[in-house]
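Chemist: My structure file target-v2.cif, mmCIF, C-alpha atoms, is below:
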```cif
data_structure
loop_
_atom_site.label_atom_id
_atom_site.label_comp_id
_atom_site.auth_asym_id
_atom_site.auth_seq_id
_atom_site.Cartn_x
_atom_site.Cartn_y
_atom_site.Cartn_z
CA MET E 182 21.06 -28.28 22.49
CA SER E 183 20.79 -25.97 25.49
CA GLY E 184 17.43 -24.19 25.62
CA PHE E 185 15.52 -26.87 23.69
CA LYS E 186 13.20 -29.20 25.56
CA PHE E 187 11.38 -32.03 23.84
CA SER E 188 8.44 -33.77 25.43
CA PRO E 189 7.72 -37.19 23.91
CA GLU E 190 4.22 -37.00 25.33
CA LYS E 191 3.59 -33.59 23.73
CA ILE E 192 4.94 -34.74 20.36
CA THR E 193 2.76 -37.87 20.50
CA GLU E 194 -0.28 -35.75 21.30
CA GLU E 195 0.37 -33.33 18.41
CA LEU E 196 0.92 -36.15 15.94
CA SER E 197 -2.30 -37.78 17.07
CA GLN E 198 -4.21 -34.51 16.60
CA PHE E 199 -2.68 -34.06 13.16
CA SER E 200 -3.72 -37.59 12.17
CA GLU E 201 -7.28 -36.88 13.30
CA GLN E 202 -7.29 -33.68 11.22
CA LEU E 203 -6.07 -35.63 8.18
CA LEU E 204 -8.90 -38.16 8.56
CA GLN E 205 -11.44 -35.35 8.98
CA SER E 206 -10.14 -33.55 5.89
CA PHE E 207 -10.39 -36.76 3.86
CA SER E 208 -13.98 -37.17 4.97
CA THR E 209 -14.74 -33.55 4.04
CA LEU E 210 -13.20 -33.94 0.58
CA LYS E 211 -15.32 -37.04 -0.12
CA SER E 212 -18.48 -35.05 0.62
CA LEU E 213 -17.73 -32.28 -1.90
CA ASP E 214 -18.93 -32.03 -5.47
CA GLU E 215 -17.51 -29.84 -8.25
CA ILE E 216 -15.76 -26.69 -7.06
CA ASP E 217 -17.90 -23.93 -8.54
CA VAL E 218 -16.53 -20.48 -9.35
CA GLY E 219 -17.76 -17.51 -11.37
CA GLN E 220 -21.43 -18.07 -10.55
CA THR E 221 -22.80 -14.56 -11.03
CA PRO E 222 -25.16 -14.69 -14.06
CA LYS E 223 -23.68 -13.32 -17.27
CA GLU E 224 -24.01 -13.61 -21.02
CA ILE E 225 -21.46 -13.71 -23.82
CA LEU E 226 -21.64 -10.46 -25.77
CA TYR E 227 -18.69 -10.98 -28.12
CA THR E 228 -16.03 -13.58 -28.99
CA GLU E 229 -12.78 -13.29 -30.90
CA ASP E 230 -10.19 -16.06 -31.12
CA LYS E 231 -9.85 -17.32 -27.51
CA LEU E 232 -11.38 -14.16 -26.03
CA GLN E 233 -14.89 -13.83 -24.63
CA LEU E 234 -16.52 -10.57 -23.58
CA PHE E 235 -19.11 -11.04 -20.84
CA HIS E 236 -21.95 -8.77 -19.77
CA TYR E 237 -23.17 -9.41 -16.23
CA LYS E 238 -26.88 -9.44 -15.55
CA SER E 239 -28.05 -7.10 -12.84
CA GLU E 240 -31.40 -6.52 -11.21
CA LYS E 241 -32.54 -2.94 -10.85
CA THR E 242 -33.14 -2.06 -7.23
CA PRO E 243 -35.90 0.55 -6.69
CA GLY E 244 -34.53 3.72 -5.17
CA ARG E 245 -30.87 2.84 -5.78
CA LYS E 246 -28.92 5.23 -7.97
CA ARG E 247 -27.41 3.50 -10.98
CA CYS E 248 -24.34 4.45 -12.97
CA LYS E 249 -25.34 5.09 -16.59
CA THR E 250 -21.77 4.70 -17.88
CA PRO E 251 -20.84 1.01 -18.30
CA LEU E 252 -17.75 -0.44 -16.64
CA LEU E 253 -15.36 -2.68 -18.60
CA ILE E 254 -13.02 -4.81 -16.47
CA CYS E 255 -9.69 -5.72 -18.06
CA TYR E 256 -8.01 -8.52 -16.11
CA ALA E 257 -4.39 -9.70 -16.29
CA LEU E 258 -3.33 -12.29 -18.85
CA VAL E 259 -1.55 -14.52 -16.35
CA ASN E 260 -4.57 -15.72 -14.34
CA ARG E 261 -8.26 -16.33 -14.86
CA PRO E 262 -10.63 -13.39 -14.27
CA TYR E 263 -13.06 -15.28 -12.03
CA MET E 264 -10.97 -14.03 -9.13
CA VAL E 265 -13.39 -11.07 -9.14
CA ASP E 266 -16.30 -13.54 -8.87
CA LEU E 267 -14.79 -16.33 -6.79
CA ASP E 268 -17.96 -17.25 -4.90
CA GLN E 269 -21.22 -15.59 -3.99
CA GLU E 270 -19.93 -14.51 -0.58
CA ARG E 271 -16.67 -13.11 -1.98
CA SER E 272 -17.69 -11.68 -5.35
CA PHE E 273 -16.31 -8.25 -6.17
CA VAL E 274 -18.44 -8.23 -9.33
CA LYS E 275 -21.66 -9.21 -7.56
CA ARG E 276 -21.16 -6.47 -4.99
CA LEU E 277 -20.61 -3.81 -7.67
CA LEU E 278 -23.74 -5.00 -9.48
CA GLU E 279 -25.73 -4.65 -6.25
CA LEU E 280 -24.41 -1.10 -5.97
CA GLY E 281 -25.74 -0.13 -9.40
CA ILE E 282 -22.74 -0.63 -11.72
CA ASP E 283 -23.29 -2.10 -15.20
CA ILE E 284 -20.36 -4.50 -15.73
CA TYR E 285 -18.63 -6.04 -18.74
CA LEU E 286 -15.53 -8.23 -18.40
CA ILE E 287 -12.84 -9.50 -20.76
CA ASP E 288 -11.99 -13.21 -20.42
CA TRP E 289 -8.75 -13.81 -22.35
CA GLY E 290 -9.23 -17.58 -22.50
CA TYR E 291 -6.34 -20.02 -22.99
CA PRO E 292 -3.78 -19.12 -25.68
CA ASP E 293 -2.40 -22.04 -27.67
CA ALA E 294 0.23 -22.52 -30.38
CA ALA E 295 -1.84 -20.51 -32.86
CA ASP E 296 -1.39 -17.45 -30.61
CA ARG E 297 2.41 -17.67 -30.38
CA TYR E 298 2.99 -14.40 -32.29
CA LEU E 299 0.30 -12.21 -30.72
CA ASP E 300 1.93 -9.01 -29.46
CA MET E 301 1.02 -5.86 -27.52
CA ASP E 302 -0.52 -4.33 -30.62
CA ASP E 303 -2.85 -7.32 -30.99
CA TYR E 304 -3.94 -7.16 -27.35
CA ILE E 305 -4.29 -3.38 -26.98
CA ASN E 306 -5.24 -2.04 -30.42
CA GLY E 307 -6.96 -5.29 -31.36
CA TYR E 308 -8.69 -7.18 -28.57
CA ILE E 309 -9.20 -4.40 -26.00
CA ASN E 310 -10.31 -1.87 -28.59
CA ASN E 311 -12.75 -4.35 -30.15
CA CYS E 312 -14.23 -5.06 -26.72
CA VAL E 313 -14.55 -1.34 -26.01
CA GLU E 314 -16.43 -0.86 -29.28
CA GLN E 315 -18.76 -3.75 -28.45
CA VAL E 316 -19.53 -2.33 -24.99
CA LEU E 317 -20.23 1.13 -26.40
CA GLN E 318 -22.51 -0.32 -29.04
CA ASP E 319 -24.35 -2.54 -26.57
CA SER E 320 -24.79 0.18 -23.95
CA GLY E 321 -25.58 3.01 -26.35
CA GLN E 322 -22.96 5.22 -24.66
CA GLU E 323 -20.19 7.23 -26.29
CA GLN E 324 -17.68 6.51 -23.52
CA LEU E 325 -17.12 3.82 -20.91
CA ASN E 326 -15.39 3.45 -17.56
CA LEU E 327 -12.33 1.21 -17.71
CA LEU E 328 -11.05 -0.80 -14.73
CA GLY E 329 -7.71 -2.58 -15.18
CA ILE E 330 -6.43 -5.17 -12.72
CA CYS E 331 -2.69 -5.90 -12.23
CA GLN E 332 -1.19 -6.47 -15.70
CA GLY E 333 -4.61 -5.56 -17.09
CA GLY E 334 -4.18 -2.17 -15.43
CA THR E 335 -0.89 -1.64 -17.25
CA LEU E 336 -2.61 -2.51 -20.55
CA SER E 337 -5.51 -0.21 -19.63
CA LEU E 338 -3.12 2.69 -19.07
CA CYS E 339 -1.68 2.09 -22.53
CA TYR E 340 -5.12 1.84 -24.09
CA THR E 341 -6.42 5.00 -22.42
CA ALA E 342 -3.33 6.97 -23.44
CA LEU E 343 -3.86 5.88 -27.05
CA ASN E 344 -7.67 6.28 -27.00
CA PRO E 345 -8.50 8.98 -24.44
CA ASP E 346 -11.75 9.91 -26.19
CA LYS E 347 -13.32 6.48 -25.49
CA VAL E 348 -12.64 6.34 -21.72
CA LYS E 349 -14.67 8.51 -19.36
CA ASN E 350 -13.03 7.41 -16.09
CA LEU E 351 -10.08 5.10 -15.43
CA ILE E 352 -9.53 2.83 -12.43
CA THR E 353 -6.28 0.94 -11.89
CA MET E 354 -6.21 -1.79 -9.25
CA VAL E 355 -2.99 -3.40 -7.89
CA THR E 356 -1.36 -2.12 -11.09
CA PRO E 357 2.43 -1.98 -11.56
CA VAL E 358 3.68 1.31 -12.99
CA ASP E 359 7.26 1.50 -11.69
CA PHE E 360 8.57 -2.00 -12.37
CA LYS E 361 11.90 -1.52 -10.58
CA THR E 362 11.11 -0.45 -7.04
CA PRO E 363 13.67 -1.86 -4.57
CA ASP E 364 11.05 -3.99 -2.76
CA ASN E 365 9.66 -5.61 -5.93
CA MET E 366 10.85 -9.20 -5.61
CA LEU E 367 9.11 -10.26 -8.83
CA SER E 368 11.08 -7.59 -10.68
CA HIS E 369 14.38 -8.76 -9.16
CA LEU E 370 13.58 -12.28 -10.31
CA THR E 371 12.55 -11.12 -13.79
CA GLN E 372 15.81 -9.23 -14.33
CA GLN E 373 17.59 -12.61 -14.32
CA ILE E 374 15.46 -14.06 -17.12
CA ASP E 375 16.78 -14.32 -20.67
CA VAL E 376 13.37 -13.60 -22.17
CA ASP E 377 14.48 -14.23 -25.78
CA LEU E 378 15.84 -17.66 -24.84
CA ALA E 379 12.66 -18.47 -22.89
CA VAL E 380 10.42 -17.67 -25.86
CA GLU E 381 12.67 -19.47 -28.33
CA THR E 382 12.66 -22.53 -26.05
CA TYR E 383 8.99 -22.72 -25.08
CA GLY E 384 7.13 -20.71 -27.73
CA ASN E 385 4.26 -19.88 -25.42
CA ILE E 386 5.36 -19.54 -21.79
CA PRO E 387 3.80 -22.28 -19.60
CA GLY E 388 1.43 -20.99 -16.94
CA ALA E 389 2.65 -23.67 -14.51
CA MET E 390 6.18 -22.30 -14.76
CA LEU E 391 4.94 -18.80 -13.93
CA ASN E 392 3.04 -20.19 -10.93
CA ASP E 393 6.26 -21.72 -9.62
CA ALA E 394 7.96 -18.35 -10.01
CA TYR E 395 5.26 -16.56 -7.99
CA SER E 396 5.37 -19.21 -5.25
CA SER E 397 9.15 -18.88 -4.99
CA LEU E 398 8.75 -15.27 -3.84
CA MET E 399 7.29 -16.45 -0.49
CA PRO E 400 8.48 -20.06 -0.12
CA MET E 401 7.65 -20.50 3.56
CA ARG E 402 4.19 -18.91 3.49
CA LEU E 403 3.11 -20.30 0.11
CA GLY E 404 4.87 -23.64 0.51
CA LEU E 405 5.58 -25.24 3.88
CA GLN E 406 3.18 -23.18 5.98
CA LYS E 407 0.27 -23.56 3.55
CA ASN E 408 0.74 -27.32 3.26
CA LEU E 409 0.90 -27.82 7.02
CA ASN E 410 -2.34 -25.85 7.40
CA ILE E 411 -4.26 -27.83 4.77
CA PRO E 412 -5.90 -30.28 7.24
CA ARG E 413 -7.22 -27.32 9.22
CA GLN E 414 -8.48 -25.65 6.02
CA LEU E 415 -10.37 -28.81 5.09
CA LYS E 416 -12.02 -29.31 8.48
CA THR E 417 -15.50 -28.24 7.36
CA GLN E 418 -17.26 -28.03 4.01
CA ALA E 419 -17.43 -24.24 4.15
CA SER E 420 -13.74 -23.74 4.93
CA ALA E 421 -12.79 -26.44 2.41
CA LEU E 422 -14.74 -24.77 -0.38
CA ASN E 423 -13.15 -21.39 0.40
CA PHE E 424 -9.70 -22.96 0.29
CA LEU E 425 -10.29 -25.09 -2.82
CA ARG E 426 -11.84 -22.26 -4.84
CA MET E 427 -8.70 -20.24 -4.24
CA GLU E 428 -6.48 -23.20 -5.08
CA LYS E 429 -8.44 -23.80 -8.28
CA TRP E 430 -7.84 -20.18 -9.31
CA ILE E 431 -4.13 -20.28 -8.42
CA TYR E 432 -3.43 -23.35 -10.55
CA ASP E 433 -5.79 -22.43 -13.40
CA SER E 434 -3.07 -20.47 -15.15
CA PRO E 435 -3.18 -20.00 -18.94
CA ASP E 436 -0.02 -20.18 -20.99
CA GLN E 437 1.24 -16.81 -22.21
CA ALA E 438 1.46 -15.92 -25.90
CA GLY E 439 5.20 -15.93 -26.56
CA GLU E 440 5.63 -12.61 -28.36
CA MET E 441 3.34 -10.77 -25.96
CA PHE E 442 5.34 -12.17 -23.03
CA ARG E 443 8.60 -11.06 -24.66
CA GLN E 444 7.36 -7.54 -25.37
CA PHE E 445 5.74 -7.02 -21.98
CA LEU E 446 8.76 -8.18 -19.98
CA THR E 447 11.16 -6.21 -22.14
CA THR E 448 9.10 -3.02 -22.25
CA PHE E 449 8.14 -2.87 -18.59
CA PHE E 450 10.30 -5.12 -16.38
CA LYS E 451 13.55 -4.65 -18.29
CA GLU E 452 13.18 -1.07 -19.58
CA ASN E 453 10.69 0.32 -17.01
CA GLY E 454 8.90 1.89 -19.95
CA PHE E 455 6.39 4.15 -18.18
CA LEU E 456 9.01 5.92 -16.09
CA ASN E 457 11.44 6.16 -19.00
CA GLU E 458 8.71 7.21 -21.46
CA SER E 459 9.77 4.48 -23.86
CA VAL E 460 6.54 2.48 -24.30
CA THR E 461 5.42 2.04 -27.90
CA VAL E 462 2.59 -0.02 -29.37
CA ALA E 463 2.85 -0.71 -33.11
CA ASP E 464 5.48 2.05 -33.30
CA GLN E 465 3.05 4.52 -31.71
CA PRO E 466 4.39 6.20 -28.56
CA VAL E 467 2.30 5.68 -25.42
CA ASP E 468 2.24 9.04 -23.64
CA LEU E 469 0.56 8.86 -20.24
CA LYS E 470 0.19 12.64 -20.37
CA ASN E 471 -2.70 11.99 -22.77
CA ILE E 472 -4.65 10.66 -19.77
CA THR E 473 -6.63 13.66 -18.55
CA GLN E 474 -9.76 11.92 -17.26
CA PRO E 475 -10.48 11.23 -13.58
CA LEU E 476 -8.28 8.42 -12.29
CA LEU E 477 -8.68 6.20 -9.22
CA ASN E 478 -5.57 4.20 -8.27
CA VAL E 479 -6.26 1.30 -5.86
CA PHE E 480 -3.50 -0.82 -4.29
CA GLY E 481 -2.83 -3.13 -1.34
CA SER E 482 -0.62 -2.04 1.53
CA SER E 483 0.89 -5.54 1.93
CA ASP E 484 0.94 -6.58 -1.74
CA HIS E 485 4.06 -8.71 -2.36
CA LEU E 486 3.55 -8.93 -6.14
CA VAL E 487 2.88 -5.23 -6.79
CA PRO E 488 4.29 -3.25 -3.86
CA PRO E 489 2.48 0.02 -3.06
CA ALA E 490 5.42 2.08 -4.36
CA ALA E 491 5.09 0.38 -7.75
CA SER E 492 1.49 1.62 -8.01
CA ARG E 493 1.98 5.01 -6.36
CA ALA E 494 4.46 5.87 -9.12
CA LEU E 495 1.47 6.65 -11.35
CA LYS E 496 0.93 9.95 -9.57
CA GLY E 497 2.31 12.75 -11.70
CA LEU E 498 2.77 10.66 -14.84
CA THR E 499 -0.64 11.64 -16.22
CA THR E 500 -2.22 15.08 -16.58
CA SER E 501 -5.41 14.08 -14.79
CA GLY E 502 -6.69 16.91 -12.65
CA ASP E 503 -8.70 14.43 -10.60
CA TYR E 504 -6.27 11.77 -9.37
CA THR E 505 -7.13 9.76 -6.25
CA GLU E 506 -5.18 7.02 -4.46
CA TYR E 507 -6.94 4.40 -2.36
CA GLU E 508 -4.75 2.15 -0.23
CA VAL E 509 -6.42 -1.03 1.01
CA ALA E 510 -5.07 -2.85 4.08
CA SER E 511 -4.63 -6.17 2.29
CA GLY E 512 -2.46 -8.18 -0.05
CA HIS E 513 -2.67 -8.57 -3.82
CA ILE E 514 -5.70 -10.87 -3.83
CA GLY E 515 -7.33 -9.65 -0.64
CA VAL E 516 -8.31 -6.44 -2.43
CA PHE E 517 -10.92 -8.57 -4.25
CA VAL E 518 -11.85 -11.49 -1.97
CA SER E 519 -11.57 -10.23 1.61
CA GLY E 520 -14.46 -9.09 3.76
CA LYS E 521 -13.03 -5.60 3.42
CA SER E 522 -13.51 -5.89 -0.35
CA GLN E 523 -17.24 -6.40 0.15
CA THR E 524 -17.79 -3.79 2.86
CA GLU E 525 -15.31 -1.09 1.85
CA VAL E 526 -13.55 -1.49 -1.51
CA ALA E 527 -16.50 -2.20 -3.81
CA PRO E 528 -18.70 0.51 -2.17
CA ALA E 529 -15.88 3.06 -2.44
CA ILE E 530 -15.38 2.29 -6.14
CA ALA E 531 -19.12 2.41 -6.84
CA GLU E 532 -19.42 5.75 -5.04
CA TRP E 533 -16.46 7.14 -6.99
CA LEU E 534 -17.94 6.01 -10.33
CA LYS E 535 -21.35 7.49 -9.54
CA GLY E 536 -19.72 10.72 -8.48
CA HIS E 537 -18.01 10.93 -11.87
CA ASP E 538 -20.92 9.73 -13.99
#
```
For this file, write the structure as structure tokens.
Modeler:
Amino acid sequence: MSGFKFSPEKITEELSQFSEQLLQSFSTLKSLDEIDVGQTPKEILYTEDKLQLFHYKSEKTPGRKRCKTPLLICYALVNRPYMVDLDQERSFVKRLLELGIDIYLIDWGYPDAADRYLDMDDYINGYINNCVEQVLQDSGQEQLNLLGICQGGTLSLCYTALNPDKVKNLITMVTPVDFKTPDNMLSHLTQQIDVDLAVETYGNIPGAMLNDAYSSLMPMRLGLQKNLNIPRQLKTQASALNFLRMEKWIYDSPDQAGEMFRQFLTTFFKENGFLNESVTVADQPVDLKNITQPLLNVFGSSDHLVPPAASRALKGLTTSGDYTEYEVASGHIGVFVSGKSQTEVAPAIAEWLKGHD
């Protein structure tokens, strides 16, 4: 035990402080009401099965240039899209609205047993295309801007390659393209999954099980360290609300339609379809060379779910003559909820969209 010195007095003091923090956090929790998220005003434009298409309400600011081309946000299937509107101080959507962007967003809802056999064709040629048509009709435009986030970015790449005439500009954010980079821990984990057995066993894949898988990638930071810091996070109402809104989002995980899960994992994680040019949707080849429109590729420098190399792989796979990469000094979620997101990321995206309007 050489080199280790234990002070009973110091240990007693730290335990006493921790107990006081626990009591304070309990008092804070009792003072809180419902944890509100997604508070930016919006209206339902279209529904289909579990899906809802929202149109956000924006106030026109005199003297501020507005983007005439509407923006459709396509979020991932594995989490809820209110991450982009977590609270009024950390709302990526609200900030874009303030900067003159007209925003629509796809909310995939919660798949149930009736959705067990939905596949990539249903999501891309069905749901996404139907939402695109609704946005074009509502806005009176012939094309829209498409912004895909994480898995939603992968689906947006597929959609744009199949429907290049409907997309004016494409933005991918924290989007995996090369699914087998050496530093992609999620990919290493996925390679060990018997996806056919998983779907045959569960039908739809439980969202809670996927959450456990994501947490296992950083067990100390997302497990022990986070739990030990909880009393400190709950010290005040403001810090508690910030923490609990994030926790609500993390554990609000929809189940995944079984066939879609099987096809996505097989096509991308197992076969690395974009790099091997083997992606097909309803037997129609997805050729990223069909993407010629301006493309902005945004990723986080310390993203542990989609490492920068996984997103950077997009460069050269399309024939866009206007390809731009934007690396944000943040992790996967910080791109949307950090202070940098409000002061740098959203303004940069709005400026890029207006410059390509």
Chemist: Could you expand the PyMOL selection byres ((chain E and resi 525-529) around 8) into the explicit residues it covers here, written as a VMD selection string?
Modeler: chain E and resid 273 276 to 277 280 509 516 521 to 524 530 to 533
Chemist: Determine, for each residue of region 244-310 of chain E having at least one atom at most 7 Å from an atom of region 425-439 of chain E, the closest pair of atoms and their separation in Å to one decimal, counting all atoms listed in the file; order by chain and ascending number, as CSV.
Modeler:
```
residue,atom,partner,partner_atom,distance
E:Val259,CA,E:Ser434,CA,6.3
E:Asn260,CA,E:Ser434,CA,5.0
E:Arg261,CA,E:Ser434,CA,6.6
E:Met264,CA,E:Trp430,CA,6.9
E:Leu267,CA,E:Arg426,CA,6.9
E:Tyr291,CA,E:Pro435,CA,5.1
E:Pro292,CA,E:Asp436,CA,6.1
E:Asp296,CA,E:Ala438,CA,5.7
E:Arg297,CA,E:Ala438,CA,4.9
E:Tyr298,CA,E:Gly439,CA,6.3
E:Leu299,CA,E:Ala438,CA,6.2
```
Chemist: Just to be explicit: take each residue in the selection above, keep C-alpha atoms, and write the result as a PDB file, in the coordinates of the input.
Modeler:
```pdb
ATOM      1  CA  VAL E 259      -1.550 -14.520 -16.350  1.00  0.00           C
ATOM      2  CA  ASN E 260      -4.570 -15.720 -14.340  1.00  0.00           C
ATOM      3  CA  ARG E 261      -8.260 -16.330 -14.860  1.00  0.00           C
ATOM      4  CA  MET E 264     -10.970 -14.030  -9.130  1.00  0.00           C
ATOM      5  CA  LEU E 267     -14.790 -16.330  -6.790  1.00  0.00           C
ATOM      6  CA  TYR E 291      -6.340 -20.020 -22.990  1.00  0.00           C
ATOM      7  CA  PRO E 292      -3.780 -19.120 -25.680  1.00  0.00           C
ATOM      8  CA  ASP E 296      -1.390 -17.450 -30.610  1.00  0.00           C
ATOM      9  CA  ARG E 297       2.410 -17.670 -30.380  1.00  0.00           C
ATOM     10  CA  TYR E 298       2.990 -14.400 -32.290  1.00  0.00           C
ATOM     11  CA  LEU E 299       0.300 -12.210 -30.720  1.00  0.00           C
TER      12      LEU E 299
END
```
Chemist: May I have the residues at most 9 Å from (15.4, -13.6, -4.5) in the file's coordinates, counting only C-alpha atoms, as a PyMOL selection string?
Modeler: chain E and resi 366-367+369-370+397-398
Chemist: Convert the current residue selection to file output with C-alpha atoms, as a PDB file, in the frame of the given file.
Modeler:
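Result written to part.pdb:
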```
ATOM      1  CA  MET E 366      10.850  -9.200  -5.610  1.00  0.00           C
ATOM      2  CA  LEU E 367       9.110 -10.260  -8.830  1.00  0.00           C
ATOM      3  CA  HIS E 369      14.380  -8.760  -9.160  1.00  0.00           C
ATOM      4  CA  LEU E 370      13.580 -12.280 -10.310  1.00  0.00           C
ATOM      5  CA  SER E 397       9.150 -18.880  -4.990  1.00  0.00           C
ATOM      6  CA  LEU E 398       8.750 -15.270  -3.840  1.00  0.00           C
TER       7      LEU E 398
END
```
Chemist: Rounded to one decimal in Å, what is the spacing between CA of Ser208 (chain E) and CA of Asp268 (chain E)?
Modeler: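 Interatomic distance, CA of Ser208 (chain E) to CA of Asp268 (chain E): 22.6 Å.
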Chemist: Could you list, as a ChimeraX atom specification, every residue matched by the PyMOL selection byres ((chain E and resi 487-504) around 8) in this structure?
Modeler: /E:331,355-362,364-365,456,469-478,480-486,505-506,513
Chemist: Selection in question (the file shown): the PyMOL selection byres ((chain E and resi 445) around 12). Which residues does it include, as an MDAnalysis selection string?
Modeler: chainID E and resid 257:259 299:302 304:305 332:333 335:336 339 360 371 376:377 437:444 446:455 460:462
Chemist: State, in Å with one decimal place, the distance from CA of Lys535 (chain E) to CA of Val518 (chain E).
Modeler: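 If I compute the distance from CA of Lys535 (chain E) to CA of Val518 (chain E), I get 22.5 Å.
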Chemist: Residues around (-8.0, -4.3, -14.6), cut-off 6 Å, counting all atoms listed in the file - what are they as a PDB file with C-alpha atoms, in the coordinates of the input?
Modeler:
```
ATOM      1  CA  ILE E 254     -13.020  -4.810 -16.470  1.00  0.00           C
ATOM      2  CA  CYS E 255      -9.690  -5.720 -18.060  1.00  0.00           C
ATOM      3  CA  TYR E 256      -8.010  -8.520 -16.110  1.00  0.00           C
ATOM      4  CA  LEU E 328     -11.050  -0.800 -14.730  1.00  0.00           C
ATOM      5  CA  GLY E 329      -7.710  -2.580 -15.180  1.00  0.00           C
ATOM      6  CA  ILE E 330      -6.430  -5.170 -12.720  1.00  0.00           C
ATOM      7  CA  GLY E 333      -4.610  -5.560 -17.090  1.00  0.00           C
ATOM      8  CA  GLY E 334      -4.180  -2.170 -15.430  1.00  0.00           C
TER       9      GLY E 334
END
```
Chemist: From the options E:Ile411, E:Asp375, E:Met399, E:Tyr308, which residue's atoms come nearest to Asn423 (chain E), counting all atoms listed in the file?
Modeler: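 Going through E:Ile411, E:Asp375, E:Met399, E:Tyr308 one by one, the smallest distance to Asn423 (chain E) is for E:Ile411.
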Chemist: Looking at E:Ile287, E:Ala294, E:Leu232, E:Ile352, which one is nearest to His537 (chain E), with distances taken over only C-alpha atoms?
Modeler: E:Ile352
Chemist: Neighbouring residues of region 211-228 of chain E were defined as those with any atom within 6 Å, considering only C-alpha atoms; residues of the same chain fewer than 6 positions away were excluded. Please report them as a list of chain:residue names.
Modeler: E:Leu234, E:Phe235, E:His236, E:Tyr237, E:Lys238, E:Tyr263, E:Asp266, E:Leu267, E:Asp268
Chemist: Which residues, written as an mmCIF file with C-alpha atoms, in the coordinates of the input, have at least one atom at most 12 Å from Leu204 (chain E), with all atoms listed in the file counted and residues fewer than 4 positions away on the same chain left out?
Modeler:
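The resulting file, result_23.cif, is reproduced below:
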```cif
data_model
loop_
_atom_site.group_PDB
_atom_site.id
_atom_site.type_symbol
_atom_site.label_atom_id
_atom_site.label_comp_id
_atom_site.auth_asym_id
_atom_site.auth_seq_id
_atom_site.Cartn_x
_atom_site.Cartn_y
_atom_site.Cartn_z
ATOM 1 C CA SER E 197 -2.300 -37.780 17.070
ATOM 2 C CA GLN E 198 -4.210 -34.510 16.600
ATOM 3 C CA PHE E 199 -2.680 -34.060 13.160
ATOM 4 C CA SER E 200 -3.720 -37.590 12.170
ATOM 5 C CA SER E 208 -13.980 -37.170 4.970
ATOM 6 C CA THR E 209 -14.740 -33.550 4.040
ATOM 7 C CA LEU E 210 -13.200 -33.940 0.580
ATOM 8 C CA LYS E 211 -15.320 -37.040 -0.120
ATOM 9 C CA ILE E 411 -4.260 -27.830 4.770
ATOM 10 C CA PRO E 412 -5.900 -30.280 7.240
ATOM 11 C CA ARG E 413 -7.220 -27.320 9.220
ATOM 12 C CA LEU E 415 -10.370 -28.810 5.090
ATOM 13 C CA LYS E 416 -12.020 -29.310 8.480
ATOM 14 C CA THR E 417 -15.500 -28.240 7.360
#
```
Chemist: Go through E:Asn385, E:Gln315, E:Ser188, E:Gln414 one by one, measure the shortest atom-to-atom distance of each to Ala295 (chain E) using only C-alpha atoms, and give the residue with the smallest value.
Modeler: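 That would be E:Asn385, the residue with the smallest distance to Ala295 (chain E).
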Chemist: One decimal, in Å: what's the spacing between CA of Leu338 (chain E) and CA of Leu286 (chain E)?
Modeler: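 Straight-line distance from CA of Leu338 (chain E) to CA of Leu286 (chain E) works out to 16.5 Å.
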Chemist: Which centre and which edge lengths, in Å to one decimal, describe the axis-aligned box that holds all listed atoms of region 323-326 of chain E after 5 Å is added on each side, as lines of an AutoDock Vina configuration file?
Modeler:
```
center_x = -17.8
center_y = 5.3
center_z = -21.9
size_x = 14.8
size_y = 13.8
size_z = 18.7
```
Chemist: Between E:Gln233, E:Ser206, E:Ser239, E:Thr341, single out the one closest to Trp289 (chain E), counting all atoms listed in the file.
Modeler: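 Among the listed residues, E:Gln233 lies closest to Trp289 (chain E).
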Chemist: Regenerate region 487-492 of chain E at the level of N, CA, C and O atoms and dump it as an mmCIF file, keeping the file's coordinate frame.
Modeler:
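rebuild-v5.cif written:
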```cif
data_model
loop_
_atom_site.group_PDB
_atom_site.id
_atom_site.type_symbol
_atom_site.label_atom_id
_atom_site.label_comp_id
_atom_site.auth_asym_id
_atom_site.auth_seq_id
_atom_site.Cartn_x
_atom_site.Cartn_y
_atom_site.Cartn_z
ATOM 1 N N VAL E 487 2.818 -6.620 -6.321
ATOM 2 C CA VAL E 487 2.880 -5.230 -6.790
ATOM 3 C C VAL E 487 2.950 -4.343 -5.550
ATOM 4 O O VAL E 487 1.921 -3.933 -5.007
ATOM 5 N N PRO E 488 4.150 -4.058 -5.067
ATOM 6 C CA PRO E 488 4.290 -3.250 -3.860
ATOM 7 C C PRO E 488 3.636 -1.877 -4.043
ATOM 8 O O PRO E 488 3.539 -1.371 -5.171
ATOM 9 N N PRO E 489 3.146 -1.280 -2.944
ATOM 10 C CA PRO E 489 2.480 0.020 -3.060
ATOM 11 C C PRO E 489 3.281 1.061 -3.837
ATOM 12 O O PRO E 489 2.704 1.820 -4.619
ATOM 13 N N ALA E 490 4.602 1.087 -3.649
ATOM 14 C CA ALA E 490 5.420 2.080 -4.360
ATOM 15 C C ALA E 490 5.348 1.895 -5.871
ATOM 16 O O ALA E 490 5.446 2.868 -6.628
ATOM 17 N N ALA E 491 5.170 0.646 -6.307
ATOM 18 C CA ALA E 491 5.090 0.380 -7.750
ATOM 19 C C ALA E 491 3.818 0.977 -8.336
ATOM 20 O O ALA E 491 3.804 1.395 -9.503
ATOM 21 N N SER E 492 2.744 1.026 -7.543
ATOM 22 C CA SER E 492 1.490 1.620 -8.010
ATOM 23 C C SER E 492 1.458 3.126 -7.798
ATOM 24 O O SER E 492 0.976 3.873 -8.651
#
```
